[in-house]
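Asks: File name entry-v5.cif; file contents mmCIF, C-alpha atoms and all ligand atoms; full text below.
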data_entry
#
loop_
_atom_site.group_PDB
_atom_site.id
_atom_site.type_symbol
_atom_site.label_atom_id
_atom_site.label_comp_id
_atom_site.auth_asym_id
_atom_site.auth_seq_id
_atom_site.Cartn_x
_atom_site.Cartn_y
_atom_site.Cartn_z
ATOM 1 C CA MET G 7 9.253 -72.907 54.963
ATOM 2 C CA ILE G 8 7.663 -76.301 55.512
ATOM 3 C CA ILE G 9 7.378 -77.400 59.139
ATOM 4 C CA LYS G 10 8.445 -81.015 59.167
ATOM 5 C CA LYS G 11 8.195 -81.921 62.847
ATOM 6 C CA GLU G 12 5.112 -81.255 64.954
ATOM 7 C CA PRO G 13 5.903 -78.302 67.235
ATOM 8 C CA PHE G 14 4.816 -78.626 70.862
ATOM 9 C CA TYR G 15 1.855 -76.349 71.370
ATOM 10 C CA LYS G 16 -0.308 -76.315 74.474
ATOM 11 C CA LYS G 17 -3.818 -75.249 73.591
ATOM 12 C CA ILE G 18 -4.966 -72.401 75.839
ATOM 13 C CA GLY G 19 -8.560 -71.700 74.790
ATOM 14 C CA LYS G 20 -10.581 -71.991 71.602
ATOM 15 C CA GLU G 21 -7.799 -70.704 69.331
ATOM 16 C CA ILE G 22 -7.614 -73.873 67.219
ATOM 17 C CA GLU G 23 -11.338 -73.835 66.447
ATOM 18 C CA ILE G 24 -11.220 -70.110 65.665
ATOM 19 C CA PHE G 25 -8.288 -70.662 63.316
ATOM 20 C CA GLU G 26 -10.160 -73.463 61.526
ATOM 21 C CA HIS G 27 -13.209 -71.291 60.977
ATOM 22 C CA ALA G 28 -11.218 -68.254 59.893
ATOM 23 C CA HIS G 29 -9.472 -70.481 57.370
ATOM 24 C CA LEU G 30 -12.734 -72.009 56.175
ATOM 25 C CA ASN G 31 -14.226 -68.552 55.653
ATOM 26 C CA LYS G 32 -11.027 -67.085 54.182
ATOM 27 C CA LEU G 33 -10.792 -64.447 56.902
ATOM 28 C CA PRO G 34 -7.496 -62.889 58.003
ATOM 29 C CA LEU G 35 -6.387 -63.442 61.598
ATOM 30 C CA LEU G 36 -4.829 -61.055 64.085
ATOM 31 C CA LEU G 37 -3.130 -62.590 67.127
ATOM 32 C CA LYS G 38 -3.130 -59.966 69.857
ATOM 33 C CA GLY G 39 -1.048 -60.150 72.981
ATOM 34 C CA PRO G 40 2.224 -59.488 74.721
ATOM 35 C CA THR G 41 5.463 -60.894 73.413
ATOM 36 C CA GLY G 42 6.407 -64.456 74.359
ATOM 37 C CA THR G 43 2.881 -65.768 74.861
ATOM 38 C CA GLY G 44 2.941 -68.455 72.163
ATOM 39 C CA LYS G 45 1.585 -66.588 69.117
ATOM 40 C CA SER G 46 4.360 -67.651 66.759
ATOM 41 C CA ARG G 47 4.379 -71.159 68.158
ATOM 42 C CA PHE G 48 0.632 -71.392 67.538
ATOM 43 C CA VAL G 49 1.027 -70.347 63.901
ATOM 44 C CA GLU G 50 3.799 -72.904 63.373
ATOM 45 C CA TYR G 51 1.676 -75.584 64.970
ATOM 46 C CA MET G 52 -1.323 -74.783 62.776
ATOM 47 C CA ALA G 53 0.857 -74.638 59.662
ATOM 48 C CA PHE G 54 2.060 -78.130 60.522
ATOM 49 C CA LYS G 55 -1.481 -79.399 61.159
ATOM 50 C CA LYS G 56 -2.771 -77.892 57.917
ATOM 51 C CA GLU G 57 0.325 -79.066 56.013
ATOM 52 C CA LYS G 58 0.863 -75.573 54.673
ATOM 53 C CA PRO G 59 4.124 -73.802 53.981
ATOM 54 C CA ILE G 60 4.606 -70.697 56.086
ATOM 55 C CA TYR G 61 6.402 -67.440 55.348
ATOM 56 C CA THR G 62 7.200 -65.475 58.492
ATOM 57 C CA VAL G 63 8.261 -61.834 58.431
ATOM 58 C CA ALA G 64 9.441 -60.233 61.678
ATOM 59 C CA CYS G 65 8.326 -56.654 61.027
ATOM 60 C CA HIS G 66 10.387 -53.684 62.220
ATOM 61 C CA GLU G 67 10.334 -49.959 61.504
ATOM 62 C CA GLU G 68 12.180 -50.385 58.204
ATOM 63 C CA THR G 69 9.933 -53.170 56.838
ATOM 64 C CA SER G 70 8.348 -51.835 53.647
ATOM 65 C CA ALA G 71 5.812 -53.062 51.117
ATOM 66 C CA THR G 72 8.711 -53.764 48.737
ATOM 67 C CA ASP G 73 10.248 -56.151 51.272
ATOM 68 C CA LEU G 74 7.001 -58.099 51.289
ATOM 69 C CA ILE G 75 5.977 -57.906 47.648
ATOM 70 C CA GLY G 76 9.301 -58.127 45.858
ATOM 71 C CA ARG G 77 11.810 -56.140 43.857
ATOM 72 C CA TYR G 78 13.949 -56.149 40.733
ATOM 73 C CA ILE G 79 17.473 -57.320 41.417
ATOM 74 C CA ILE G 80 20.532 -57.261 39.216
ATOM 75 C CA LYS G 81 21.820 -60.680 38.233
ATOM 76 C CA GLY G 82 24.872 -60.570 35.989
ATOM 77 C CA SER G 83 23.902 -58.241 33.144
ATOM 78 C CA GLU G 84 20.180 -58.727 33.636
ATOM 79 C CA THR G 85 17.519 -57.278 35.877
ATOM 80 C CA VAL G 86 15.242 -59.968 37.227
ATOM 81 C CA TRP G 87 12.146 -59.817 39.379
ATOM 82 C CA GLN G 88 12.280 -61.516 42.754
ATOM 83 C CA ASP G 89 9.051 -62.241 44.606
ATOM 84 C CA GLY G 90 8.972 -61.228 48.268
ATOM 85 C CA PRO G 91 7.516 -63.528 50.939
ATOM 86 C CA LEU G 92 3.994 -62.143 50.587
ATOM 87 C CA SER G 93 3.855 -62.677 46.814
ATOM 88 C CA LYS G 94 5.274 -66.176 47.258
ATOM 89 C CA ALA G 95 2.668 -67.049 49.885
ATOM 90 C CA VAL G 96 -0.182 -65.722 47.726
ATOM 91 C CA ARG G 97 1.020 -67.636 44.662
ATOM 92 C CA GLU G 98 1.636 -70.861 46.569
ATOM 93 C CA GLY G 99 -1.463 -70.833 48.765
ATOM 94 C CA ALA G 100 0.701 -70.690 51.875
ATOM 95 C CA ILE G 101 0.398 -68.901 55.218
ATOM 96 C CA ILE G 102 1.941 -65.429 55.511
ATOM 97 C CA TYR G 103 2.668 -64.479 59.096
ATOM 98 C CA LEU G 104 3.519 -60.834 59.706
ATOM 99 C CA ASP G 105 4.875 -60.792 63.225
ATOM 100 C CA GLU G 106 4.411 -57.397 64.959
ATOM 101 C CA ILE G 107 2.648 -55.838 61.963
ATOM 102 C CA ALA G 108 2.212 -52.466 63.720
ATOM 103 C CA GLU G 109 5.987 -51.968 63.684
ATOM 104 C CA ALA G 110 6.146 -51.990 59.866
ATOM 105 C CA ARG G 111 6.040 -48.895 57.665
ATOM 106 C CA PRO G 112 2.563 -47.575 56.822
ATOM 107 C CA ASP G 113 2.887 -48.647 53.160
ATOM 108 C CA VAL G 114 2.747 -52.275 54.346
ATOM 109 C CA ILE G 115 -0.756 -51.767 55.710
ATOM 110 C CA VAL G 116 -1.801 -50.132 52.438
ATOM 111 C CA ALA G 117 -0.312 -52.969 50.377
ATOM 112 C CA VAL G 118 -2.163 -55.680 52.265
ATOM 113 C CA HIS G 119 -5.582 -53.988 52.253
ATOM 114 C CA SER G 120 -6.910 -55.698 49.156
ATOM 115 C CA LEU G 121 -5.649 -59.043 50.455
ATOM 116 C CA THR G 122 -7.363 -58.759 53.805
ATOM 117 C CA ASP G 123 -10.862 -58.065 52.493
ATOM 118 C CA PHE G 124 -13.254 -59.955 50.231
ATOM 119 C CA ARG G 125 -11.064 -59.290 47.168
ATOM 120 C CA ARG G 126 -8.125 -61.377 48.386
ATOM 121 C CA VAL G 127 -6.026 -59.810 45.671
ATOM 122 C CA LEU G 128 -2.417 -58.675 45.721
ATOM 123 C CA TYR G 129 -1.423 -55.881 43.337
ATOM 124 C CA ILE G 130 2.160 -55.912 42.188
ATOM 125 C CA ASP G 131 2.545 -52.428 40.747
ATOM 126 C CA LYS G 132 6.042 -52.936 39.408
ATOM 127 C CA LEU G 133 4.920 -55.951 37.343
ATOM 128 C CA GLY G 134 1.503 -54.543 36.495
ATOM 129 C CA GLU G 135 0.201 -57.819 37.887
ATOM 130 C CA GLU G 136 -2.751 -58.737 40.037
ATOM 131 C CA ILE G 137 -2.654 -62.084 41.837
ATOM 132 C CA THR G 138 -5.793 -63.565 43.300
ATOM 133 C CA ALA G 139 -5.083 -65.662 46.361
ATOM 134 C CA SER G 140 -6.084 -69.305 46.204
ATOM 135 C CA ASP G 141 -8.429 -70.715 48.839
ATOM 136 C CA ASP G 142 -5.415 -72.127 50.667
ATOM 137 C CA PHE G 143 -3.768 -68.762 51.246
ATOM 138 C CA MET G 144 -4.046 -67.439 54.768
ATOM 139 C CA PHE G 145 -3.118 -64.037 56.147
ATOM 140 C CA ILE G 146 -2.037 -63.895 59.794
ATOM 141 C CA ALA G 147 -0.535 -60.987 61.687
ATOM 142 C CA SER G 148 0.440 -60.462 65.291
ATOM 143 C CA PHE G 149 0.172 -57.332 67.311
ATOM 144 C CA ASN G 150 1.273 -56.373 70.793
ATOM 145 C CA PRO G 151 -1.333 -53.960 72.169
ATOM 146 C CA GLY G 152 1.190 -52.770 74.809
ATOM 147 C CA TYR G 153 -0.864 -51.144 77.485
ATOM 148 C CA GLN G 154 2.308 -49.426 78.583
ATOM 149 C CA ARG G 155 4.427 -46.917 76.732
ATOM 150 C CA GLY G 156 6.632 -47.677 73.787
ATOM 151 C CA PHE G 157 4.343 -49.585 71.441
ATOM 152 C CA LYS G 158 2.915 -48.564 68.143
ATOM 153 C CA GLU G 159 -0.817 -48.647 67.666
ATOM 154 C CA LEU G 160 -2.797 -50.217 64.857
ATOM 155 C CA LYS G 161 -5.531 -48.029 63.361
ATOM 156 C CA PRO G 162 -9.104 -49.106 64.161
ATOM 157 C CA SER G 163 -9.893 -49.322 60.440
ATOM 158 C CA THR G 164 -7.052 -51.809 60.023
ATOM 159 C CA ARG G 165 -7.961 -53.825 63.097
ATOM 160 C CA GLN G 166 -11.505 -54.216 61.875
ATOM 161 C CA ARG G 167 -10.283 -56.206 58.910
ATOM 162 C CA PHE G 168 -9.219 -59.089 61.122
ATOM 163 C CA VAL G 169 -10.730 -61.798 63.234
ATOM 164 C CA SER G 170 -8.747 -61.320 66.445
ATOM 165 C CA ILE G 171 -7.597 -63.920 68.935
ATOM 166 C CA PRO G 172 -6.319 -62.633 72.279
ATOM 167 C CA PHE G 173 -3.202 -64.279 73.727
ATOM 168 C CA ASP G 174 -2.085 -63.807 77.307
ATOM 169 C CA TYR G 175 0.089 -65.416 79.971
ATOM 170 C CA PRO G 176 -1.389 -68.839 80.736
ATOM 171 C CA ASP G 177 -2.652 -69.834 84.176
ATOM 172 C CA PRO G 178 0.051 -71.250 86.466
ATOM 173 C CA LYS G 179 -0.818 -74.915 85.934
ATOM 174 C CA VAL G 180 -0.701 -74.630 82.148
ATOM 175 C CA GLU G 181 2.385 -72.426 82.217
ATOM 176 C CA THR G 182 4.211 -74.960 84.418
ATOM 177 C CA GLU G 183 3.341 -77.671 81.920
ATOM 178 C CA ILE G 184 4.732 -75.563 79.055
ATOM 179 C CA VAL G 185 7.924 -74.747 80.974
ATOM 180 C CA CYS G 186 8.482 -78.435 81.859
ATOM 181 C CA GLN G 187 7.796 -79.634 78.332
ATOM 182 C CA GLU G 188 10.059 -77.027 76.722
ATOM 183 C CA SER G 189 12.987 -77.417 79.118
ATOM 184 C CA SER G 190 12.700 -80.939 80.636
ATOM 185 C CA LEU G 191 13.085 -79.259 84.048
ATOM 186 C CA ASP G 192 11.452 -80.981 87.065
ATOM 187 C CA SER G 193 7.968 -79.717 87.822
ATOM 188 C CA ASN G 194 8.799 -78.480 91.336
ATOM 189 C CA THR G 195 11.408 -76.007 90.143
ATOM 190 C CA ALA G 196 9.256 -75.104 87.112
ATOM 191 C CA LYS G 197 6.407 -74.283 89.507
ATOM 192 C CA LYS G 198 8.683 -71.920 91.426
ATOM 193 C CA LEU G 199 9.725 -70.153 88.223
ATOM 194 C CA VAL G 200 6.108 -69.754 87.191
ATOM 195 C CA LYS G 201 5.312 -68.286 90.625
ATOM 196 C CA ILE G 202 8.143 -65.778 90.216
ATOM 197 C CA GLY G 203 6.744 -64.860 86.799
ATOM 198 C CA ALA G 204 3.244 -64.322 88.186
ATOM 199 C CA LYS G 205 4.590 -62.254 91.083
ATOM 200 C CA ILE G 206 6.587 -59.922 88.822
ATOM 201 C CA ARG G 207 3.631 -59.552 86.431
ATOM 202 C CA ASN G 208 1.582 -58.305 89.351
ATOM 203 C CA LEU G 209 4.119 -55.617 90.244
ATOM 204 C CA THR G 210 2.541 -53.101 87.880
ATOM 205 C CA GLU G 211 3.911 -50.226 89.972
ATOM 206 C CA LEU G 212 7.393 -50.972 88.563
ATOM 207 C CA GLY G 213 6.163 -49.629 85.218
ATOM 208 C CA LEU G 214 8.092 -52.191 83.174
ATOM 209 C CA THR G 215 7.557 -51.786 79.413
ATOM 210 C CA GLU G 216 7.349 -55.545 79.028
ATOM 211 C CA THR G 217 6.950 -58.017 81.827
ATOM 212 C CA VAL G 218 7.951 -61.683 82.313
ATOM 213 C CA SER G 219 6.863 -63.779 79.341
ATOM 214 C CA THR G 220 6.574 -67.544 79.165
ATOM 215 C CA ARG G 221 9.597 -67.368 76.859
ATOM 216 C CA LEU G 222 11.781 -65.905 79.620
ATOM 217 C CA LEU G 223 10.654 -68.591 82.063
ATOM 218 C CA VAL G 224 11.442 -71.299 79.510
ATOM 219 C CA ASP G 225 14.919 -69.801 78.975
ATOM 220 C CA ALA G 226 15.637 -69.813 82.719
ATOM 221 C CA ALA G 227 14.316 -73.372 83.005
ATOM 222 C CA LYS G 228 16.570 -74.571 80.187
ATOM 223 C CA MET G 229 19.656 -73.145 81.880
ATOM 224 C CA ILE G 230 18.742 -74.600 85.265
ATOM 225 C CA HIS G 231 18.181 -77.953 83.589
ATOM 226 C CA SER G 232 21.599 -77.795 81.950
ATOM 227 C CA GLY G 233 23.201 -77.155 85.352
ATOM 228 C CA LEU G 234 23.404 -73.397 85.934
ATOM 229 C CA GLU G 235 22.718 -72.355 89.505
ATOM 230 C CA LYS G 236 18.969 -71.626 89.938
ATOM 231 C CA ARG G 237 19.179 -68.071 91.232
ATOM 232 C CA LEU G 238 21.787 -67.027 88.720
ATOM 233 C CA ALA G 239 19.800 -68.552 85.847
ATOM 234 C CA THR G 240 16.643 -66.748 86.967
ATOM 235 C CA GLU G 241 18.475 -63.463 87.392
ATOM 236 C CA VAL G 242 20.058 -63.494 83.946
ATOM 237 C CA ALA G 243 17.149 -65.017 82.008
ATOM 238 C CA VAL G 244 14.186 -63.423 83.765
ATOM 239 C CA VAL G 245 15.252 -60.299 85.692
ATOM 240 C CA GLU G 246 18.048 -58.700 83.656
ATOM 241 C CA PRO G 247 16.095 -58.675 80.353
ATOM 242 C CA LEU G 248 13.300 -56.655 81.977
ATOM 243 C CA THR G 249 15.084 -53.491 83.049
ATOM 244 C CA ASP G 250 18.384 -51.636 83.408
ATOM 245 C CA ASP G 251 17.243 -49.591 86.360
ATOM 246 C CA GLU G 252 19.538 -50.477 89.281
ATOM 247 C CA GLU G 253 16.933 -50.062 91.999
ATOM 248 C CA THR G 254 14.367 -52.207 90.202
ATOM 249 C CA LEU G 255 17.014 -54.833 89.448
ATOM 250 C CA THR G 256 17.980 -55.071 93.110
ATOM 251 C CA ALA G 257 14.352 -55.368 94.182
ATOM 252 C CA LEU G 258 13.631 -58.076 91.638
ATOM 253 C CA LYS G 259 16.785 -60.024 92.464
ATOM 254 C CA ASP G 260 15.852 -59.967 96.167
ATOM 255 C CA LEU G 261 12.463 -61.317 95.239
ATOM 256 C CA VAL G 262 14.007 -64.125 93.177
ATOM 257 C CA ASN G 263 16.354 -65.042 96.021
ATOM 258 C CA LEU G 264 13.398 -65.403 98.334
ATOM 259 C CA MET G 265 11.332 -67.470 95.945
ATOM 260 C CA ILE G 266 13.787 -69.997 94.487
HETATM 261 P P1 LIG K 301 5.198 -64.764 70.680
HETATM 262 O O1 LIG K 301 5.120 -65.107 69.228
HETATM 263 O O2 LIG K 301 3.851 -64.559 71.315
HETATM 264 O O3 LIG K 301 6.153 -63.649 70.993
HETATM 265 P P2 LIG K 301 6.365 -67.404 70.959
HETATM 266 O O4 LIG K 301 5.355 -68.197 70.213
HETATM 267 O O5 LIG K 301 7.673 -67.181 70.302
HETATM 268 O O6 LIG K 301 5.761 -66.020 71.464
HETATM 269 O O7 LIG K 301 6.555 -68.127 72.379
HETATM 270 C C1 LIG K 301 7.719 -67.993 73.128
HETATM 271 C C2 LIG K 301 8.073 -69.299 73.778
HETATM 272 O O8 LIG K 301 7.151 -69.559 74.837
HETATM 273 C C3 LIG K 301 7.971 -70.491 72.833
HETATM 274 O O9 LIG K 301 9.204 -70.722 72.193
HETATM 275 C C4 LIG K 301 7.594 -71.605 73.775
HETATM 276 O O10 LIG K 301 8.760 -72.130 74.401
HETATM 277 C C5 LIG K 301 6.789 -70.937 74.857
HETATM 278 N N1 LIG K 301 5.319 -70.994 74.739
HETATM 279 C C6 LIG K 301 4.484 -69.976 75.065
HETATM 280 N N2 LIG K 301 3.203 -70.361 74.950
HETATM 281 C C7 LIG K 301 3.216 -71.662 74.551
HETATM 282 C C8 LIG K 301 2.187 -72.628 74.271
HETATM 283 N N3 LIG K 301 0.886 -72.339 74.398
HETATM 284 N N4 LIG K 301 2.583 -73.867 73.904
HETATM 285 C C9 LIG K 301 3.898 -74.162 73.786
HETATM 286 N N5 LIG K 301 4.901 -73.302 74.035
HETATM 287 C C10 LIG K 301 4.577 -72.062 74.418
#
Have the structure of the file written as C-alpha cells, please.
Ligand code: ADP
Replies:
Amino acid sequence: MIIKKEPFYKKIGKEIEIFEHAHLNKLPLLLKGPTGTGKSRFVEYMAFKKEKPIYTVACHEETSATDLIGRYIIKGSETVWQDGPLSKAVREGAIIYLDEIAEARPDVIVAVHSLTDFRRVLYIDKLGEEITASDDFMFIASFNPGYQRGFKELKPSTRQRFVSIPFDYPDPKVETEIVCQESSLDSNTAKKLVKIGAKIRNLTELGLTETVSTRLLVDAAKMIHSGLEKRLATEVAVVEPLTDDEETLTALKDLVNLMI
C-alpha cells in the first residue's frame, strides 16, 4: 500500500531520529508498548515521509510463515505461486510491518531470522529461492509487553535482533492535542477526557488487562463531536471496552459521571 496523504502524527520523543538511523544502518525495528499508543500511526507516517510502500500484517495466533512468504494457489487448471506480503516487501524494497508479532505462530519468528540479521535474506523454501533485501527494505514489528496477564512473550533471543522504541501513553498536554486533532472536539472537553483516561490508568488495583488507550479517547471524542451525549459517549467508547465485570463497570461509570 502506498500512503498518499500525510497522516497526522504527533511526535512524542526521539522516535523519528531513531527510525532514520535504523533505516540508514539497515537495522530492524521493534515498537514496544500498549495497544492504541500510536505505533501503527507512526509507521504509516514514516512510510509517507520516506515515500515507501508499506505492507501491514495484523498477526494473530493463526498467522503462519506461509501467510507471510506465499503459497501455491490453483488458478484454472494451473498452479501458480503467489508472493505473500513479506516476499513482496523484500522484492520491492518496501516496509513490512508485523503488528503484534508475538501473537503469530513460532514458525514466523524462524522465517524472519535471516531477514533481521546482517544477512537480510529471505529463503523461500517452496521456490528454492533466496531473495536478498534491497537497501530500501525495512523490517518493523510491534509488540505489546503486557505487564498484566494475557499477553504472549517474545523470546529474549528474538528481541535482541531489534532496535526497540518504547511507546507509551503521552503526557496530558500532548494527548489532548492528539484527541483534538483527531476528532475536532473542543479542547476543554478533550482535556476532561484525557483526565478520565489518566485517572483510570492509575487505578491499577482494578487489574484491567488493557487500560484506556489514546485510541479509546479519540473514539469518545469523535462521538461527542458528532453530537452524542458526553457521558454516554465516554461510557460506551472508554468504559465498556475495558471490562465486563459489573462492579468495575459501575465504579468506572460513576467516575466518568463525576469528571465530565
Ligand atoms: P497502536 O498501533 O499502538 O495500537 P495506533 O497507531 O493505531 O495504535 O493509534 C491509535 C489511535 O490513537 C490512532 O488512530 C490515533 O487516532 C491516535 N494516536 C495515538 N498516538 C498518536 C500520535 N502520536 N499521533 C497521532 N495520533 C495518535
Asks: Counting all atoms listed in the file, which protein, DNA or RNA residues come within 10 Å of ligand LIG 301 (chain K), given as JSON, numbers by chain?
Replies: {"G": [13, 14, 15, 16, 17, 18, 19, 37, 38, 39, 40, 41, 42, 43, 44, 45, 46, 47, 48, 49, 50, 51, 64, 105, 106, 148, 149, 150, 173, 174, 175, 176, 180, 181, 183, 184, 185, 186, 187, 188, 189, 219, 220, 221, 222, 223, 224, 225]}
Asks: Could you check the closest approach to His29 of chain G for each of G:Val127, G:Ile9, G:Val118, G:Ile146 and tell me which residue wins, using only C-alpha atoms?
Replies: G:Ile146
Asks: Given only C-alpha atoms as the basis, pick out the residue of G:Leu238, G:Ala108, G:Leu133, G:Leu128 nearest to Pro151 of chain G.
Replies: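 Under the stated criterion, the closest residue is G:Ala108.
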Asks: What does the PyMOL selection byres (((chain G and resi 248) around 8) and not hetatm) select in this file, as a VMD selection string?
Replies: chain G and resid 214 to 218 244 to 247 249 to 250
Asks: Hey, can you pull every residue with an atom no more than 9 Å from (1.9, -74.0, 49.8), using all atoms listed in the file, and send it as a list in words?
Replies: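 All residues meeting the 9 Å criterion around (1.9, -74.0, 49.8) are Ile8, Glu57, Lys58, Pro59, Ile60, Lys94, Ala95, Val96, Arg97, Glu98, Gly99, Ala100, Ile101, Asp142 and Phe143 of chain G.
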Asks: For the residues in the current selection, export C-alpha atoms as a short mmCIF file (atom, residue, chain, number, x, y, z; two decimals), keeping the file's coordinate frame.
Replies:
data_model
loop_
_atom_site.label_atom_id
_atom_site.label_comp_id
_atom_site.auth_asym_id
_atom_site.auth_seq_id
_atom_site.Cartn_x
_atom_site.Cartn_y
_atom_site.Cartn_z
CA ILE G 8 7.66 -76.30 55.51
CA GLU G 57 0.32 -79.07 56.01
CA LYS G 58 0.86 -75.57 54.67
CA PRO G 59 4.12 -73.80 53.98
CA ILE G 60 4.61 -70.70 56.09
CA LYS G 94 5.27 -66.18 47.26
CA ALA G 95 2.67 -67.05 49.88
CA VAL G 96 -0.18 -65.72 47.73
CA ARG G 97 1.02 -67.64 44.66
CA GLU G 98 1.64 -70.86 46.57
CA GLY G 99 -1.46 -70.83 48.76
CA ALA G 100 0.70 -70.69 51.88
CA ILE G 101 0.40 -68.90 55.22
CA ASP G 142 -5.42 -72.13 50.67
CA PHE G 143 -3.77 -68.76 51.25
#
Asks: Starting from the PyMOL selection byres (((chain G and resi 120) around 12) and not hetatm), expand the selection into actual residues of this file and give them as a list of chain:residue names.
Replies: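 With the shown file as input, the PyMOL selection byres (((chain G and resi 120) around 12) and not hetatm) matches G:Pro34, G:Val114, G:Ile115, G:Val116, G:Ala117, G:Val118, G:His119, G:Leu121, G:Thr122, G:Asp123, G:Phe124, G:Arg125, G:Arg126, G:Val127, G:Leu128, G:Tyr129, G:Ile130, G:Glu136, G:Ile137, G:Thr138, G:Ala139, G:Phe145, G:Thr164, G:Arg167.
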Asks: For each of G:Glu68, G:Glu109, G:Glu252, G:Asp141, take the minimum atom-to-atom distance to Ala28 of chain G, counting all atoms listed in the file, then give the residue where this is smallest.
Replies: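 Closest to Ala28 of chain G of all the choices is G:Asp141.
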Asks: Atom CA of Gly203 of chain G and atom CA of Ala239 of chain G, how far apart in Å?
Replies: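 Between atom CA of Ala239 of chain G and atom CA of Gly203 of chain G the gap is 13.6 Å.
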Asks: Using all atoms listed in the file, find the one residue out of G:Ile24, G:Leu30, G:Ala204, G:Met52 that sits nearest to Glu12 of chain G.
Replies: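 Using all atoms listed in the file, Glu12 of chain G sits closest to G:Met52.
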Asks: Kindly give the distance, in Å, that separates atom CA of Lys10 of chain G and atom CA of Lys55 of chain G, rounded to a single decimal.
Replies: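 One can read the atom CA of Lys10 of chain G to atom CA of Lys55 of chain G distance as 10.3 Å.
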Asks: So the first atom is atom CA of Ala257 of chain G and the second is atom CA of Ala243 of chain G; what is the distance between them in Å, to one decimal place?
Replies: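 Calculated distance between atom CA of Ala257 of chain G and atom CA of Ala243 of chain G is 15.8 Å.
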Asks: Measuring between only C-alpha atoms, which one of G:Leu209, G:Val262, G:Ala147, G:Ala71 shows the shortest distance to Lys132 of chain G?
Replies: G:Ala71
Asks: Applied to this file, what does the PyMOL selection byres (((chain G and resi 264) around 12) and not hetatm) return in terms of residues, put as a list in words?
Replies: Lys198, Leu199, Lys201, Ile202, Lys205, Lys236, Arg237, Thr240, Ala257, Leu258, Lys259, Asp260, Leu261, Val262, Asn263, Met265 and Ile266 of chain G
Asks: If the box runs along x, y and z of the file and leaves 4 Å on each side of segment 18-21 of chain G, what are its centre and edge lengths in Å, one decimal, as AutoDock Vina command-line options?
Replies:
--center_x -7.8 --center_y -71.6 --center_z 72.6 --size_x 13.6 --size_y 9.7 --size_z 14.5
Asks: Which residue gives the smallest distance to Pro112 of chain G among G:Thr254, G:Ser140, G:Ser70, G:Ser193, with all atoms listed in the file counted?
Replies: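 For Pro112 of chain G, the nearest of the candidates is G:Ser70.
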Asks: I'd like the contact shell of Leu74 of chain G - 9 Å cut-off, only C-alpha atoms, skipping same-chain residues fewer than 5 positions apart - returned as a count of residues only.
Replies: 9
Asks: Would you pull segment 176-187 of chain G out of the block just shown and save N, CA, C and O atoms as a PDB file, in the first residue's frame?
Replies:
ATOM      1  N   PRO G 176       0.849   9.288  26.029  1.00  0.00           N
ATOM      2  CA  PRO G 176       1.532  10.586  26.070  1.00  0.00           C
ATOM      3  C   PRO G 176       1.152  11.400  27.304  1.00  0.00           C
ATOM      4  O   PRO G 176       0.147  11.090  27.964  1.00  0.00           O
ATOM      5  N   ASP G 177       1.922  12.460  27.584  1.00  0.00           N
ATOM      6  CA  ASP G 177       1.537  13.296  28.731  1.00  0.00           C
ATOM      7  C   ASP G 177       0.249  14.049  28.363  1.00  0.00           C
ATOM      8  O   ASP G 177      -0.083  14.179  27.189  1.00  0.00           O
ATOM      9  N   PRO G 178      -0.475  14.528  29.404  1.00  0.00           N
ATOM     10  CA  PRO G 178      -1.822  15.055  29.154  1.00  0.00           C
ATOM     11  C   PRO G 178      -1.901  16.157  28.086  1.00  0.00           C
ATOM     12  O   PRO G 178      -2.834  16.186  27.282  1.00  0.00           O
ATOM     13  N   LYS G 179      -0.902  17.033  28.064  1.00  0.00           N
ATOM     14  CA  LYS G 179      -0.946  18.140  27.107  1.00  0.00           C
ATOM     15  C   LYS G 179      -0.890  17.597  25.665  1.00  0.00           C
ATOM     16  O   LYS G 179      -1.685  17.972  24.802  1.00  0.00           O
ATOM     17  N   VAL G 180       0.044  16.700  25.450  1.00  0.00           N
ATOM     18  CA  VAL G 180       0.220  16.106  24.117  1.00  0.00           C
ATOM     19  C   VAL G 180      -1.000  15.258  23.756  1.00  0.00           C
ATOM     20  O   VAL G 180      -1.505  15.309  22.634  1.00  0.00           O
ATOM     21  N   GLU G 181      -1.496  14.503  24.728  1.00  0.00           N
ATOM     22  CA  GLU G 181      -2.636  13.632  24.442  1.00  0.00           C
ATOM     23  C   GLU G 181      -3.871  14.470  24.082  1.00  0.00           C
ATOM     24  O   GLU G 181      -4.622  14.124  23.170  1.00  0.00           O
ATOM     25  N   THR G 182      -4.044  15.607  24.780  1.00  0.00           N
ATOM     26  CA  THR G 182      -5.176  16.488  24.467  1.00  0.00           C
ATOM     27  C   THR G 182      -5.051  16.995  23.027  1.00  0.00           C
ATOM     28  O   THR G 182      -6.030  17.035  22.274  1.00  0.00           O
ATOM     29  N   GLU G 183      -3.838  17.344  22.657  1.00  0.00           N
ATOM     30  CA  GLU G 183      -3.610  17.832  21.292  1.00  0.00           C
ATOM     31  C   GLU G 183      -3.984  16.751  20.260  1.00  0.00           C
ATOM     32  O   GLU G 183      -4.638  17.034  19.258  1.00  0.00           O
ATOM     33  N   ILE G 184      -3.584  15.513  20.547  1.00  0.00           N
ATOM     34  CA  ILE G 184      -3.892  14.405  19.628  1.00  0.00           C
ATOM     35  C   ILE G 184      -5.413  14.211  19.547  1.00  0.00           C
ATOM     36  O   ILE G 184      -5.981  14.106  18.456  1.00  0.00           O
ATOM     37  N   VAL G 185      -6.059  14.198  20.710  1.00  0.00           N
ATOM     38  CA  VAL G 185      -7.514  13.972  20.739  1.00  0.00           C
ATOM     39  C   VAL G 185      -8.230  15.082  19.960  1.00  0.00           C
ATOM     40  O   VAL G 185      -9.115  14.812  19.148  1.00  0.00           O
ATOM     41  N   CYS G 186      -7.828  16.326  20.165  1.00  0.00           N
ATOM     42  CA  CYS G 186      -8.457  17.457  19.451  1.00  0.00           C
ATOM     43  C   CYS G 186      -8.251  17.326  17.948  1.00  0.00           C
ATOM     44  O   CYS G 186      -9.185  17.455  17.171  1.00  0.00           O
ATOM     45  N   GLN G 187      -7.012  17.068  17.570  1.00  0.00           N
ATOM     46  CA  GLN G 187      -6.670  16.981  16.144  1.00  0.00           C
ATOM     47  C   GLN G 187      -7.447  15.846  15.461  1.00  0.00           C
ATOM     48  O   GLN G 187      -7.944  15.994  14.360  1.00  0.00           O
TER      49      GLN G 187
END
